[in-house]
>>> print(open('model16.csv').read())   # CSV, C-alpha atoms
chain,number,residue,atom,x,y,z
Q,761,MET,CA,0.0,0.0,0.0
Q,762,GLY,CA,2.7,2.4,0.9
Q,763,TYR,CA,4.5,1.7,-2.3
Q,764,GLU,CA,1.5,2.6,-4.4
Q,765,ASP,CA,1.1,5.8,-2.4
Q,766,LEU,CA,4.5,7.0,-3.7
Q,767,HIS,CA,2.9,7.6,-7.1
Q,768,PRO,CA,2.4,11.4,-7.0
Q,769,PRO,CA,-0.8,12.4,-8.8
Q,770,GLY,CA,-0.3,13.8,-12.3
Q,771,VAL,CA,3.4,12.8,-12.3
Q,772,ASP,CA,4.7,10.0,-14.6
Q,773,VAL,CA,7.0,7.9,-12.3
Q,774,ASP,CA,7.9,4.4,-13.2
Q,775,ASP,CA,8.4,1.5,-10.8
Q,776,ASP,CA,12.2,1.4,-11.2
Q,777,LEU,CA,12.6,5.0,-10.2
Q,778,LEU,CA,10.4,4.5,-7.1
Q,779,VAL,CA,12.5,1.5,-6.1
Q,780,ARG,CA,15.7,3.5,-6.4
Q,781,LEU,CA,14.2,6.4,-4.4
Q,782,ALA,CA,13.1,4.0,-1.7
Q,783,GLU,CA,16.5,2.4,-1.6
Q,784,ALA,CA,18.2,5.7,-1.4
Q,785,ALA,CA,16.0,6.8,1.5
Q,786,TRP,CA,16.6,3.5,3.3
Q,787,LEU,CA,20.4,4.0,3.1
Q,788,ALA,CA,20.4,7.7,4.0
Q,789,GLN,CA,21.4,8.9,7.5
Q,790,PRO,CA,18.2,9.2,9.6
Q,791,SER,CA,19.2,12.8,10.6
Q,792,ILE,CA,19.4,13.8,7.0
Q,793,LEU,CA,16.3,12.1,5.9
Q,794,ALA,CA,14.4,13.6,8.8
Q,795,GLN,CA,15.2,17.1,7.6
Q,796,GLN,CA,13.3,16.3,4.4
Q,797,LEU,CA,10.1,15.4,6.2
Q,798,PRO,CA,7.5,17.6,7.8
Q,799,PRO,CA,7.9,17.8,11.6
Q,800,GLU,CA,4.3,16.5,12.2
Q,801,MET,CA,5.3,13.1,10.9
Q,802,PHE,CA,7.2,12.6,14.2
Q,803,GLU,CA,4.3,13.5,16.4
Q,804,ALA,CA,3.3,10.0,17.2
Q,805,ARG,CA,0.5,11.0,19.6
Q,806,LEU,CA,-1.0,13.4,17.0
Q,807,GLN,CA,-0.8,10.6,14.4
Q,808,SER,CA,-2.6,8.1,16.7
Q,809,GLU,CA,-5.2,10.7,17.6
Q,810,ARG,CA,-5.8,11.4,13.9
Q,811,ILE,CA,-6.1,7.7,13.0
Q,812,ALA,CA,-8.4,6.9,15.9
Q,813,GLY,CA,-10.6,9.8,15.1
Q,814,LEU,CA,-10.8,8.8,11.4
Q,815,LEU,CA,-11.6,5.2,12.3
Q,816,ASN,CA,-14.3,6.2,14.8
Q,817,GLU,CA,-15.8,8.5,12.2
Q,818,GLN,CA,-15.9,5.7,9.6
Q,819,GLU,CA,-17.3,3.2,12.1
Q,820,ALA,CA,-20.1,5.5,13.1
Q,821,LEU,CA,-21.0,5.9,9.4
Q,822,HIS,CA,-21.2,2.2,8.9
Q,823,ALA,CA,-22.5,1.1,12.4
Q,824,GLN,CA,-25.7,-0.3,10.9
Q,825,GLU,CA,-23.6,-2.9,9.0
Q,826,ILE,CA,-22.5,-4.5,12.3
Q,827,ASP,CA,-25.1,-7.0,13.5
Q,828,SER,CA,-22.8,-9.4,15.3
Q,829,HIS,CA,-19.2,-9.9,16.3
Q,830,ALA,CA,-18.7,-12.3,13.4
Q,831,THR,CA,-19.8,-9.7,11.0
Q,832,ALA,CA,-17.4,-7.1,12.5
Q,833,VAL,CA,-14.5,-9.7,12.2
Q,834,ARG,CA,-15.4,-10.4,8.5
Q,835,ILE,CA,-15.4,-6.6,7.7
Q,836,GLU,CA,-12.2,-5.9,9.6
Q,837,VAL,CA,-10.4,-8.8,8.1
Q,838,ALA,CA,-11.4,-7.6,4.6
Q,839,GLY,CA,-10.1,-4.2,5.5
Q,840,ALA,CA,-6.8,-5.6,6.8
Q,841,ALA,CA,-6.3,-7.6,3.6
Q,842,SER,CA,-7.0,-4.6,1.4
Q,843,MET,CA,-3.8,-3.0,2.8
Q,844,LEU,CA,-1.9,-5.5,0.7
Q,845,GLU,CA,-3.5,-4.3,-2.5
Q,846,GLY,CA,-0.7,-2.1,-3.6
Q,847,ILE,CA,2.0,-4.7,-2.8
Q,848,ALA,CA,0.0,-7.3,-4.8
Q,849,ALA,CA,-0.3,-4.9,-7.7
Q,850,ARG,CA,3.4,-4.1,-7.7
Q,851,GLU,CA,4.3,-7.8,-7.6
Q,852,TYR,CA,2.0,-8.5,-10.4
Q,853,ARG,CA,3.7,-5.9,-12.6
Q,854,ARG,CA,7.1,-7.2,-11.6
Q,855,MET,CA,6.2,-10.8,-12.5
Q,856,ALA,CA,4.7,-9.6,-15.7
Q,857,ALA,CA,7.9,-7.7,-16.6
Q,858,ALA,CA,10.0,-10.8,-15.8
Q,859,ALA,CA,7.8,-12.9,-18.1
Q,860,GLY,CA,8.1,-10.4,-20.9
Q,861,LYS,CA,4.5,-9.2,-20.7
Q,862,LEU,CA,5.4,-5.5,-21.1
Q,863,ALA,CA,1.8,-4.3,-21.6
Q,864,GLU,CA,0.7,-5.9,-18.3
Q,865,ALA,CA,3.8,-4.7,-16.6
Q,866,SER,CA,3.1,-1.0,-17.4
Q,867,ASP,CA,-0.7,-1.2,-16.8
Q,868,ILE,CA,-1.1,0.5,-13.4
Q,869,ILE,CA,-4.9,0.4,-13.4
Q,870,GLY,CA,-5.1,-3.2,-14.5
Q,871,SER,CA,-2.6,-4.3,-11.9
Q,872,ARG,CA,-4.6,-2.6,-9.2
Q,873,LYS,CA,-7.7,-4.6,-10.3
Q,874,VAL,CA,-5.6,-7.7,-9.9
Q,875,GLY,CA,-4.5,-6.5,-6.5
Q,876,LYS,CA,-8.1,-6.1,-5.4
Q,877,ARG,CA,-8.9,-9.7,-6.5
Q,878,ILE,CA,-5.9,-11.1,-4.7
Q,879,THR,CA,-6.7,-9.2,-1.4
Q,880,SER,CA,-10.3,-10.5,-1.7
Q,881,MET,CA,-8.9,-14.0,-1.8
Q,882,ILE,CA,-6.7,-13.3,1.2
Q,883,ALA,CA,-9.6,-12.0,3.2
Q,884,GLU,CA,-11.5,-15.2,2.4
Q,885,ALA,CA,-8.5,-17.3,3.3
Q,886,LEU,CA,-8.2,-15.6,6.7
Q,887,GLN,CA,-11.5,-17.3,7.7
Q,888,GLN,CA,-9.5,-20.5,8.1
Q,889,ARG,CA,-7.5,-21.1,11.3
Q,890,SER,CA,-4.3,-22.2,9.5
Q,891,ASN,CA,-4.2,-18.9,7.7
Q,892,GLN,CA,-5.0,-16.9,10.8
Q,893,LEU,CA,-1.9,-18.5,12.3
Q,894,ALA,CA,0.2,-17.9,9.2
Q,895,PHE,CA,-0.8,-14.2,8.8
Q,896,GLY,CA,-1.0,-13.1,12.4
Q,897,SER,CA,0.2,-9.6,11.7
Q,898,LEU,CA,-2.9,-9.1,9.6
Q,899,TYR,CA,-5.4,-11.1,11.7
Q,900,VAL,CA,-4.5,-9.8,15.2
Q,901,PRO,CA,-5.3,-6.1,14.6
Q,902,ALA,CA,-8.3,-7.0,12.6
Q,903,MET,CA,-9.7,-9.1,15.4
Q,904,LEU,CA,-9.0,-6.5,18.0
Q,905,HIS,CA,-10.5,-3.7,15.9
Q,906,ALA,CA,-13.6,-6.0,15.3
Q,907,SER,CA,-14.0,-6.6,19.1
Q,908,VAL,CA,-14.0,-2.9,19.8
Q,909,ARG,CA,-16.3,-2.2,16.8
Q,910,SER,CA,-18.8,-4.8,17.8
Q,911,GLU,CA,-19.4,-3.0,21.2
Q,912,ALA,CA,-22.0,-0.4,20.4
Q,913,ASN,CA,-20.9,2.3,22.8
Q,914,ARG,CA,-17.1,1.7,22.6
Q,915,LYS,CA,-14.8,3.9,20.6
Q,916,LEU,CA,-11.1,3.5,19.7
Q,917,LYS,CA,-8.7,5.5,21.8
Q,918,PRO,CA,-5.5,6.9,20.4
Q,919,ASN,CA,-3.5,4.5,22.6
Q,920,ASP,CA,-5.4,1.5,21.2
Q,921,ILE,CA,-3.6,2.1,17.9
Q,922,PHE,CA,-0.2,1.5,19.6
Q,923,ASP,CA,-1.6,-1.4,21.7
Q,924,PHE,CA,-3.0,-3.3,18.7
Q,925,ARG,CA,0.4,-2.9,16.9
Q,926,HIS,CA,2.2,-4.3,19.9
Q,927,ALA,CA,-0.1,-7.2,20.2
Q,928,ALA,CA,0.2,-8.0,16.4
Q,929,ALA,CA,4.0,-8.0,16.8
Q,930,ALA,CA,4.0,-10.3,19.8
Q,931,LEU,CA,1.1,-12.7,19.9
Q,932,PRO,CA,1.8,-14.7,16.7
Q,933,TYR,CA,5.6,-14.9,17.3
Q,934,CYS,CA,6.2,-15.0,21.1
Q,935,ARG,CA,5.5,-17.3,24.0
Q,936,ALA,CA,4.7,-14.4,26.3
Q,937,PHE,CA,3.2,-10.9,26.0
Q,938,LEU,CA,3.4,-8.4,28.8
Q,939,THR,CA,0.9,-5.7,28.6
Q,940,ASP,CA,-1.8,-3.8,30.7
Q,941,GLY,CA,-5.0,-5.0,32.1
Q,942,PRO,CA,-7.5,-3.7,29.5
Q,943,LEU,CA,-5.6,-5.1,26.5
Q,944,LYS,CA,-5.1,-8.4,28.3
Q,945,SER,CA,-8.9,-8.5,28.9
Q,946,LEU,CA,-9.6,-7.8,25.3
Q,947,ILE,CA,-7.1,-10.4,23.9
Q,948,THR,CA,-8.3,-13.1,26.2
Q,949,SER,CA,-12.1,-12.4,26.0
Q,950,GLY,CA,-14.6,-15.0,24.9
Q,951,HIS,CA,-15.0,-14.0,21.3
Q,952,VAL,CA,-11.3,-13.2,20.8
Q,953,LYS,CA,-9.0,-15.6,22.6
Q,954,LEU,CA,-6.0,-14.6,20.6
Q,955,ASP,CA,-3.7,-15.9,23.3
Q,956,THR,CA,-5.2,-19.4,22.8
Q,957,LEU,CA,-5.1,-19.2,19.0
Q,958,TYR,CA,-1.3,-18.3,19.0
Q,959,GLY,CA,-0.3,-20.2,22.1
Q,960,CYS,CA,1.0,-16.9,23.7
Q,961,GLU,CA,0.5,-16.3,27.4
Q,962,VAL,CA,-0.5,-12.8,28.4
Q,963,ALA,CA,0.4,-11.1,31.7
Q,964,ALA,CA,-0.8,-7.7,32.9
Q,965,THR,CA,0.5,-7.3,36.5
Q,966,PRO,CA,4.1,-7.5,37.9
Q,967,LYS,CA,3.2,-10.8,39.7
Q,968,GLU,CA,1.7,-12.4,36.6
Q,969,ALA,CA,4.8,-11.3,34.6
Q,970,ILE,CA,7.2,-12.7,37.2
Q,971,ASP,CA,5.3,-16.0,37.5
Q,972,LEU,CA,5.1,-16.3,33.7
Q,973,ILE,CA,8.8,-15.6,33.0
Q,974,SER,CA,9.8,-17.9,35.8
Q,975,ARG,CA,7.8,-20.8,34.2
Q,976,LEU,CA,9.3,-20.1,30.8
Q,977,ILE,CA,12.9,-20.1,31.9
Q,978,LEU,CA,12.7,-23.2,34.1
>>> encode(input="model16.csv", output="C-alpha cells")
Amino acid sequence: MGYEDLHPPGVDVDDDLLVRLAEAAWLAQPSILAQQLPPEMFEARLQSERIAGLLNEQEALHAQEIDSHATAVRIEVAGAASMLEGIAAREYRRMAAAAGKLAEASDIIGSRKVGKRITSMIAEALQQRSNQLAFGSLYVPAMLHASVRSEANRKLKPNDIFDFRHAAAALPYCRAFLTDGPLKSLITSGHVKLDTLYGCEVAATPKEAIDLISRLIL
C-alpha cells in the first residue's frame, strides 16, 4: 500500500525509479532524511489521535452494518487484507515484466484490479485457522478492531492504535506478551481468545509477569 502511495498524482513515475528512491531513503542517514520530512510526521501522539478519530468516524457511518461480532470480524479482516492491494499490484507488474509481458507490466490500473482480486482471496483465506496462524500480523489487529467495533458504545482511543500494533508484533511470534489489564482482557475475552489461538500467554501485572517468566525459563 505504501509503495503505491508513492505515485504522485499527475506525475509520470515508473516503478524502477520508485524502487531507487526508496533504496536511497533506506540507506540515507536518519538525521538527513528527517530534515526532508514535515515535523508533524514525528508527532506519534497526534498521528494516533488522527487515526483513531478517522476510524471512529468511519465506524459511526457504517455502524448499521454490524449485526454481530462475526460480521465485524469479517469486515475488519477484509479491510486488513486490502492493505496489501498495492503490494500485490506491484508484484503482479514485476512478475509480468519478468515474463516479458510488457503491456501488463506497465498497466497500473489493470494491476490494481488484480491487487483487489488477490486481497479478496486473502480475506476469504483468513477465515481459516491455518491462515490466521500464518498471517498473524494481519489477523490480530483485525480481530482486536472488530472486538471494539462490535461493542455499540465503545470507541477506539489513540492508545489503542499502539496497543494493537504491539499485540500484532507479539502474539503470533512470542511465547509471552506483557501488557496492561485492559488489553489483556480484550485479547483473552470469549470471542477473541488470541492468546489461545497463538499459544502466547498474556500477563498484565508484575506478579503475573514474574510468574510467567519464571515458568518459561525453568
>>> closest_residue(input="model16.csv", among="Q:Lys915, Q:Lys861, Q:Thr948, Q:Ser880", to="Q:Leu815", atoms="only C-alpha atoms")
Q:Lys915
>>> atom_distance(input="model16.csv", atom1="atom CA of Q:Met855", atom2="atom CA of Q:Gln888")
27.7 Å
>>> closest_residue(input="model16.csv", among="Q:Gly813, Q:Gly870, Q:Gly896, Q:Pro901", to="Q:Gly846", atoms="only C-alpha atoms")
Q:Gly870
>>> atom_distance(input="model16.csv", atom1="atom CA of Q:Lys876", atom2="atom CA of Q:Met843")
9.8 Å
>>> closest_residue(input="model16.csv", among="Q:Ala906, Q:Val874, Q:Val779, Q:Ala865", to="Q:Ala830", atoms="only C-alpha atoms")
Q:Ala906
>>> atom_distance(input="model16.csv", atom1="atom CA of Q:Ala930", atom2="atom CA of Q:His905")
16.4 Å
>>> closest_residue(input="model16.csv", among="Q:Val962, Q:Ala841, Q:Phe922, Q:Ile869", to="Q:Leu886", atoms="only C-alpha atoms")
Q:Ala841
